[in-house]
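Please read the structure below before turning to the comments.
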Amino acid sequence: MRMCPFDFQRFIDGWVRNVAISACHLSEDFDPQILPSEPRFGDFQCNGIFAHAKRSGIVPRQLGEQVLKALQASDGAHLWDMSLAGAGFINFKIAIPAIETWLETYATEEDFSKAAGDLPGKTVVVDYSCPNTAKQMHVGHLRSMVIGDAIANLLEFFGARVIRDNHLGDWGTQFGILLMQLREEKLQMENLSPDEALECLENVYRRGTQATQTSESAMERARAELVALQNGDPERVATWKWINTVSYASFQEIYDLARVKFDHVLGESFYRDKVGRVCDELSKCGIAEESEGALVVFHRDHPRFCQQPFIIRKRDGASNYATTDLATVLHRREEWHCDEIVYVTDGRQRDHFEQLFLTAKRWFSAKGYALPVLKHVWFGTVCGEDGKAIKTRSGEPIRLKTLFSEAIQRADEIIASKGTDLTADERMRISRTVGVGAIKYGDLLQNRTSDYAFSWDKMLSLEGNTAPYLQYAVARIYAIFRRAGIDPDAPGKSHKIHLLEPQEIALGRKLLLYPCVLHQALADLRPHFICTYIYELAGIFSTFYNSTKVLDEDQQTLLSRLSLCARTLTILRSGLNILGIGVLEKM
RNA sequence: GCUCCCAUAGUUCAAUGGAUAGAAUAUUGGUCUCCGGAACCGACGAUUUGGGUUCGAAUCCCGAUGGGAGCGCCA
């Protein structure tokens, strides 16, 4: 088999570095800085000449010429055209035969995954979704679920062993208030559906909160309920369990719709008998100290956390989420032997996670435990139309269930307007895939660290840079294959691909960039790079489709173009799979 | 009060210190006897402000203005 790099960016980077250092005698610290470039310049560009020229006191253009000459004389130079441009850029334009070889070499998602195995043997816990029980999921819960799932898929694609953990908020002080109010209202809720029960519980909680805010005795009773629950009072425990059961049944409907799955659902309550060890060890190691009656951790060298405490045991002796989070890190290390933990939460929790990571580092180091790599993959706040964060307490945030069903209904209306001959089942499946896909994609498209302006129109849009546009491109490719009477996934001998028309070449060049995009998304755990890329790819495909007949009379042309379509299909599908968005053969 | 984040077309978002700042939407002009028009091709339109660093700044640093968030017993 001919040598064919999977990721041209990485390959060119290594190649240029090597040649520049060995043949041009540049110093070892030379960094070529190879980046994908705008199509008008080529496929990749080398930016590293400037920095090196500066350091060595040479004119960049001169150094560029010298390096270019050496590159042109080296093995591998036939794979691309190179030219010196501007003040000292070196541009690389991949030669068409090299593109064709790449397309013939990397045909299936399996081929990609195998070639991209960056993380084999690595165990990564992804901690995402994590709603609180006793409340319905609303738009504020969307991002963690969607982004976390995409990141887990991405890590899995690169060969990691991924453990998806839904760390539910099922053990907070909210249960004191809930138990108190439930007891006082004596409600009969056993016959309600999970959703109805949950809605009822939300109201109970609201009334309970109001009561504790206005009455000191209500507050006392709520505290007593919490203590009773924590001490294992059977009646309270039974009620608490029931609340969690109906809550999760309601969450599960959303997860099913969104096609999100977890390997573990270990809520905070799972760690409630593991927090003693955390406090003991941190105290004995001299990391935690008493302060104002609580057990806290300060980080003396930190400008902020030398003053701002990380409270691991409240004055009343109870633990909080800092304590359970510490216990969780240890559990994931000791039981699951993870190498890394990725937390996907709102950016407002950055202080908490920074303190958590600092504390875990000192604790693990003092005890000689191996510390996993800890990453807080945070995302921007979901804001309402008023620009302020959507909160459960202020007004009524839109429920995910409502959001999804509205999107599905809009998709269904479009299908209806086309007057198709689909069966009811098919139609239902398609409107679900389109509607849910639109919402997930709408979220993923945005750089996760940006704040998020919620709007119905944006969420439910089915035109422009949206999932349906991508799904449509996929469906059209399937339609071509149906018409040709060929299975796009049939494992057969691959046909020779000849890129002749400009639109074919443009498509081939774009396909080639997929590995670079995946690596970029992986480096920062930012799925939106994949969205941008597959959207552009679908656009280039549409242009190609519009200008170039695939089902050509000439057999060789037909087979070549069909193969090109098959590669486009593979990459669109692969990208959508990583994003957790469904694909359709017909829509 | 202290700390952090953000400011890009009318609107919603992109842009790894790289060349002429990209999309979508809205507005608007076109394409279509042909593989699915949920399509394709155009036009219009933007880096809040004042300094600085750099060969090169939307991006880094300092200030101003405007917005958001966090900060001892919620998670």
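We name chains A, B, ... following the order of the structure tokens; residues begin at 1 in each chain, and ligands are numbered from 1 as shown.
When DSSP reads the backbone of this structure, the residues of range 87-229 of chain A it assigns to strand (DSSP E or B) are A:Phe89, A:Ile90, A:Asn91, A:Phe92, A:Lys93, A:Ile94, A:Thr123, A:Val124, A:Val125, A:Val126, A:Asp127, A:Asn132, A:His138, A:Arg161, A:Val162, A:Ile163, A:Arg164, A:Asp165, A:Gly169.
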Go ahead and dump the residues you just picked, C-alpha atoms, as a PDB file, in the first residue's frame.
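Saved to out25.pdb:
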ATOM      1  CA  PHE A  89       4.462  32.074   4.357  1.00  0.00           C
ATOM      2  CA  ILE A  90       4.960  28.694   2.754  1.00  0.00           C
ATOM      3  CA  ASN A  91       1.757  27.418   1.197  1.00  0.00           C
ATOM      4  CA  PHE A  92       0.973  23.759   0.628  1.00  0.00           C
ATOM      5  CA  LYS A  93      -1.524  22.598  -1.904  1.00  0.00           C
ATOM      6  CA  ILE A  94      -2.108  18.857  -1.775  1.00  0.00           C
ATOM      7  CA  THR A 123      -9.850   5.579  30.802  1.00  0.00           C
ATOM      8  CA  VAL A 124     -11.794   8.809  30.936  1.00  0.00           C
ATOM      9  CA  VAL A 125     -14.801   9.522  33.114  1.00  0.00           C
ATOM     10  CA  VAL A 126     -17.154  12.067  31.599  1.00  0.00           C
ATOM     11  CA  ASP A 127     -19.397  13.635  34.202  1.00  0.00           C
ATOM     12  CA  ASN A 132     -31.140  17.729  40.540  1.00  0.00           C
ATOM     13  CA  HIS A 138     -35.415  22.585  31.635  1.00  0.00           C
ATOM     14  CA  ARG A 161     -12.415   3.779  27.350  1.00  0.00           C
ATOM     15  CA  VAL A 162     -15.117   6.230  28.299  1.00  0.00           C
ATOM     16  CA  ILE A 163     -17.216   5.965  31.447  1.00  0.00           C
ATOM     17  CA  ARG A 164     -20.319   8.126  31.289  1.00  0.00           C
ATOM     18  CA  ASP A 165     -21.488   9.080  34.743  1.00  0.00           C
ATOM     19  CA  GLY A 169     -28.052  15.997  42.655  1.00  0.00           C
TER      20      GLY A 169
END
Compile the contact shell of A39 in chain B as a PyMOL selection string: residues with an atom at most 12 Å away, counting only C-alpha atoms (C1' of nucleotides), same-chain residues fewer than 4 positions apart removed.
-> (chain A and resi 463-464+469-470+472-473+476+538-539+541-547) or (chain B and resi 31-32)
Written selection (C-alpha atoms (C1' of nucleotides)) as a short mmCIF file (atom, residue, chain, number, x, y, z; two decimals), in the first residue's frame:
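Final output, saved to out.cif:
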data_model
loop_
_atom_site.label_atom_id
_atom_site.label_comp_id
_atom_site.auth_asym_id
_atom_site.auth_seq_id
_atom_site.Cartn_x
_atom_site.Cartn_y
_atom_site.Cartn_z
CA GLU A 463 -33.08 26.20 7.71
CA GLY A 464 -29.57 27.49 7.26
CA TYR A 469 -29.53 20.88 6.41
CA LEU A 470 -26.93 18.23 7.20
CA TYR A 472 -30.86 16.57 4.09
CA ALA A 473 -27.44 16.31 2.47
CA ARG A 476 -29.77 13.05 -0.80
CA ALA A 538 -22.40 19.70 3.30
CA GLY A 539 -22.41 23.08 1.54
CA PHE A 541 -21.33 18.81 -1.43
CA SER A 542 -24.54 20.64 -2.31
CA THR A 543 -22.66 22.83 -4.75
CA PHE A 544 -21.08 19.76 -6.30
CA TYR A 545 -24.44 18.01 -6.42
CA ASN A 546 -26.02 21.01 -8.07
CA SER A 547 -23.41 21.38 -10.76
"C1'" U B 31 -30.77 29.72 -10.99
"C1'" C B 32 -34.42 25.30 -12.00
#
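Near chain A, within 6 Å and counting only C-alpha atoms (C1' of nucleotides), the residues of chain B are A24, C35 and C73 of chain B.
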Could you write out the selected residues, including N, CA and C atoms (P, O5', C5', C4', C3', O3' and C1' of nucleotides), as a JSON list (two decimals), in the first residue's frame?
[["chain", "number", "residue", "atom", "x", "y", "z"],
["B", 24, "A", "P", -24.61, 31.46, 4.56],
["B", 24, "A", "O5'", -25.66, 31.36, 5.74],
["B", 24, "A", "C5'", -26.01, 30.09, 6.28],
["B", 24, "A", "C4'", -26.78, 30.28, 7.55],
["B", 24, "A", "C3'", -28.01, 31.17, 7.42],
["B", 24, "A", "O3'", -29.12, 30.46, 6.94],
["B", 24, "A", "C1'", -26.75, 31.84, 9.30],
["B", 35, "C", "P", -33.92, 15.19, -11.78],
["B", 35, "C", "O5'", -32.68, 14.36, -11.24],
["B", 35, "C", "C5'", -32.60, 12.96, -11.51],
["B", 35, "C", "C4'", -31.76, 12.28, -10.49],
["B", 35, "C", "C3'", -31.98, 12.73, -9.04],
["B", 35, "C", "O3'", -33.10, 12.06, -8.48],
["B", 35, "C", "C1'", -29.66, 12.41, -9.52],
["B", 73, "C", "P", -23.09, 31.05, 53.45],
["B", 73, "C", "O5'", -23.46, 29.80, 52.55],
["B", 73, "C", "C5'", -24.27, 28.78, 52.79],
["B", 73, "C", "C4'", -23.59, 27.57, 53.43],
["B", 73, "C", "C3'", -24.57, 26.98, 54.43],
["B", 73, "C", "O3'", -24.98, 25.72, 53.90],
["B", 73, "C", "C1'", -22.33, 26.98, 55.26]]
For CA of Ile177 in chain A and CA of Ala222 in chain A, determine how far apart the two atoms are, in Å to one decimal place.
-> 4.8 Å
Spatial neighbours of U65 in chain B, 12 Å, only C-alpha atoms (C1' of nucleotides), chain gap at least 6 places, as a PyMOL selection string | chain B and resi 7+48-50
How would the residues just picked look written out with N, CA and C atoms (P, O5', C5', C4', C3', O3' and C1' of nucleotides) as a compact mmCIF listing (two decimals), in the first residue's frame?
# COMPACT_ATOMS: atom_id res chain seq x y z
P A B 7 -16.24 38.74 23.36
O5' A B 7 -17.18 40.03 23.24
C5' A B 7 -18.53 39.88 22.79
C4' A B 7 -19.22 41.22 22.84
C3' A B 7 -18.76 42.22 21.76
O3' A B 7 -19.88 42.97 21.32
C1' A B 7 -18.45 43.15 23.91
P U B 48 -15.43 45.56 18.90
O5' U B 48 -15.95 47.03 19.20
C5' U B 48 -17.20 47.50 18.68
C4' U B 48 -17.56 48.74 19.44
C3' U B 48 -16.39 49.70 19.65
O3' U B 48 -16.19 50.55 18.54
C1' U B 48 -17.49 49.33 21.71
P U B 49 -14.68 50.93 18.13
O5' U B 49 -14.26 51.91 19.30
C5' U B 49 -14.96 53.14 19.52
C4' U B 49 -14.37 53.82 20.73
C3' U B 49 -12.85 53.95 20.70
O3' U B 49 -12.43 55.08 19.96
C1' U B 49 -13.53 53.11 22.80
P G B 50 -11.01 55.00 19.18
O5' G B 50 -9.98 55.33 20.34
C5' G B 50 -10.10 56.55 21.06
C4' G B 50 -9.06 56.59 22.15
C3' G B 50 -7.69 56.05 21.77
O3' G B 50 -6.94 56.97 21.00
C1' G B 50 -8.29 55.21 23.88
Assign secondary structure with DSSP using the backbone only, and return the residues of range 142-376 of chain A in alpha helix (DSSP H) as a PyMOL selection string.
-> chain A and resi 142-157+174-185+194-214+216-230+234-258+275-284+321-336+350-367
Give me the residues near Leu579 in chain A as a compact mmCIF listing (two decimals) with C-alpha atoms, in the first residue's frame, where near means some atom within 12 Å (using only C-alpha atoms (C1' of nucleotides)) and where sequence neighbours in that chain fewer than 5 positions away do not count.
# COMPACT_ATOMS: atom_id res chain seq x y z
CA MET A 145 -26.31 16.83 28.40
CA VAL A 146 -25.63 17.66 24.77
CA ILE A 147 -22.04 18.84 25.04
CA GLY A 148 -21.11 16.10 27.50
CA ASP A 149 -22.49 13.41 25.24
CA ALA A 150 -20.63 14.78 22.22
CA ILE A 151 -17.37 14.94 24.17
CA ALA A 152 -17.81 11.39 25.40
CA ASN A 153 -18.42 10.27 21.81
CA LEU A 154 -15.37 12.15 20.62
CA LEU A 155 -13.11 10.58 23.24
CA GLU A 156 -14.49 7.17 22.38
CA PHE A 157 -13.83 7.80 18.70
CA ALA A 258 -32.12 12.75 22.93
CA ARG A 259 -30.48 9.31 22.62
CA VAL A 260 -28.19 9.98 25.56
CA GLY A 437 -31.28 16.96 15.96
CA ALA A 438 -32.07 20.63 15.33
CA ILE A 439 -32.02 21.40 19.05
CA LYS A 440 -28.86 19.46 19.78
CA TYR A 441 -27.03 20.92 16.82
CA GLY A 442 -28.19 24.43 17.68
CA ASP A 443 -26.51 24.02 21.02
CA LEU A 444 -23.35 22.32 19.78
CA LEU A 445 -22.77 24.81 16.98
CA ALA A 467 -29.02 19.81 11.67
CA LEU A 518 -11.28 16.10 14.88
CA ALA A 521 -12.01 19.44 18.59
CA ARG A 526 -14.90 21.85 21.70
CA PRO A 527 -17.41 20.03 19.50
CA HIS A 528 -18.41 23.17 17.61
CA PHE A 529 -15.38 22.79 15.34
CA ILE A 530 -16.99 19.61 14.03
CA CYS A 531 -20.28 21.42 13.44
CA THR A 532 -18.64 24.19 11.46
CA ILE A 534 -19.54 19.34 8.50
CA LEU A 572 -21.03 13.51 7.45
CA ARG A 573 -22.32 10.46 9.26
CA SER A 574 -19.21 10.16 11.39
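Between Trp240 in chain A and the residues A:Ile58, A:Leu178, A:Cys130, A:Ile49, the shortest atom-to-atom distance, using only C-alpha atoms, involves A:Leu178.
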Given only C-alpha atoms as the counted atoms, nearest of A:Lys496, A:Lys367, A:His299, A:Arg221 to Lys284 in chain A = A:Lys367
Contacts of range 8-16 of chain B at 6 Å (only C-alpha atoms (C1' of nucleotides); same-chain gap of 4+ positions) as an MDAnalysis selection string | chainID B and resid 45:47
Would you mind listing what lies within 6 Å of range 109-116 of chain A as a count of residues only, with only C-alpha atoms (C1' of nucleotides) counted and same-chain residues fewer than 2 positions away left out?
-> 4
Name the residues in contact with Val16 in chain A at a cut-off of 9 Å, using only C-alpha atoms (C1' of nucleotides), excluding same-chain residues fewer than 6 positions from it; report them as an MDAnalysis selection string.
-> chainID A and resid 31:32 34 46 67 71
Using N, CA and C atoms, can you write the selected residues to a file as a PDB file, in the first residue's frame?
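Okay, this is what ended up in out.pdb:
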ATOM      1  N   ASP A  31       9.541  25.673  15.164  1.00  0.00           N
ATOM      2  CA  ASP A  31       8.173  25.159  15.128  1.00  0.00           C
ATOM      3  C   ASP A  31       7.525  25.645  13.834  1.00  0.00           C
ATOM      4  N   PRO A  32       7.178  24.724  12.937  1.00  0.00           N
ATOM      5  CA  PRO A  32       6.666  25.143  11.629  1.00  0.00           C
ATOM      6  C   PRO A  32       5.310  25.839  11.692  1.00  0.00           C
ATOM      7  N   ILE A  34       2.094  24.688  11.309  1.00  0.00           N
ATOM      8  CA  ILE A  34       1.282  24.362  10.127  1.00  0.00           C
ATOM      9  C   ILE A  34      -0.189  24.480  10.486  1.00  0.00           C
ATOM     10  N   CYS A  46       2.457  27.359   6.331  1.00  0.00           N
ATOM     11  CA  CYS A  46       3.470  27.324   7.374  1.00  0.00           C
ATOM     12  C   CYS A  46       3.694  28.751   7.850  1.00  0.00           C
ATOM     13  N   VAL A  67      14.255  27.354   3.227  1.00  0.00           N
ATOM     14  CA  VAL A  67      13.522  26.178   3.697  1.00  0.00           C
ATOM     15  C   VAL A  67      12.740  25.540   2.546  1.00  0.00           C
ATOM     16  N   LEU A  71      12.825  21.761   1.206  1.00  0.00           N
ATOM     17  CA  LEU A  71      11.609  20.943   1.189  1.00  0.00           C
ATOM     18  C   LEU A  71      11.404  20.337  -0.186  1.00  0.00           C
TER      19      LEU A  71
END
